[in-house]
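Chemist: Structure provided below as C-alpha cells; questions to follow.
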Amino acid sequence: MTVSPTRAPVVIIGVGSAMRRDDGLGPAALARLGPLEEARSGEVELVSLDGEPTRLIDAWSGRRRAVVIDAVCADSPPGSIHRLVLGRHRLPPGTRGASSHAAGLAEAVELGAALDRLPDELVVLGMEPGDVSSGEELSPSVAEAMGRLVSMAMAEACR
C-alpha cells in the first residue's frame with residue numbers, strides 16, 4: 001500500500017461514545033493526546049469516531065500505521081489493556097467491541113481486508129470497560145488505567 005501524500009502517515013483513532021461512560025475511553029484518550037498531534041504536525045493525526053465501519057476504513061486507508069483505541073470486551077478485569085497488531089489478520093475469536101452499534105471494529109477490519117483498505121500496520125489498543133451505561137464519567141478502573149493507555153498510544157505513534 002502506498003501512503004497518501006496528503007495524509008499524515010500515522011493516525012490514532014479514538015472510538016466510542018462519550019455519553020456511555022467507558023465506551024468513551026477512545027475519545028477520552030485522544031483528549032489527552034492533543035499535544036502529541038501538535039508536536040508531530042504532519043506526521044500524526046488524531047481522529048475521533050463512533051466506530052461505524054466505513055468511517056474507520058476511511059480514516060485508516062492510505063496510512064503507514066493506524067492505532068485504534070477502543071473499549072474491547074475480552075473477559076478481563078476492567079482497565080486491562082490488550083495490544084493487538086493486526087496487519088492483514090482478523091481479531092482473535094472471542095474479542096468483541098463494547099460499542100453501542102451493531103457493527104464496529106471487527107467488522108471494519110474484515111471489510112477493510114476484503115477491500116484491500118487496511119493500513120500497512122493496524123495496532124489495536126483495547127481496554128476492558130467496567131461500565132457502559134449512560135453517563136460521561138469513566139469508571140474508576142478505566143480512569144486509573146488511562147495514563148498507561150495514553151503512554152502506549154504515544155509510543156505506537158512514534159515508532
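Identifiers for the C-alpha cells are assigned positionally: chains receive A, B, ... in sequence, residues are indexed from 1 per chain, and ligands are indexed from 1 in the order shown.
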Would you give me, as a tab-separated table, each residue of region 8-43 of chain A having an atom within 6 Å of an atom of region 130-146 of chain A, along with its shortest atom pair and that distance in Å to one decimal, using only C-alpha atoms and sorting by chain and residue number?
Modeler:
residue	atom	partner	partner_atom	distance
A:Ala18	CA	A:Glu136	CA	5.7
A:Met19	CA	A:Glu136	CA	5.0
A:Arg20	CA	A:Ser134	CA	4.6
A:Arg21	CA	A:Glu136	CA	4.9
A:Asp22	CA	A:Leu138	CA	5.1
A:Asp23	CA	A:Val132	CA	5.5
Chemist: What gap, in Å, lies between CA of Arg55 (chain A) and CA of Val124 (chain A)?
Modeler: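 CA of Val124 (chain A) lies 16.0 Å from CA of Arg55 (chain A).
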Chemist: Excluding Gly62 (chain A) and its own-chain neighbours fewer than 2 positions away, which residues fall within 12 Å of it when counting only C-alpha atoms? Please give them as a ChimeraX atom specification.
Modeler: /A:1-11,57-60,64-66,112,116-122
Chemist: Return as a PyMOL selection string the full set of residues in region 20-142 of chain A whose backbone-based DSSP assignment is helix (DSSP H, G or I).
Modeler: chain A and resi 21-39+53-60+105-114+140-142
Chemist: Mind checking which residues fall within 12 Å of Leu115 (chain A), counting only C-alpha atoms, ignoring those fewer than 4 positions away in the same chain, and posting them as a PyMOL selection string?
Modeler: chain A and resi 54+57-58+61+88+108-111+119
Chemist: CA of Asp75 (chain A) to CA of Ala157 (chain A): how many Å, to one decimal?
Modeler: 27.0 Å
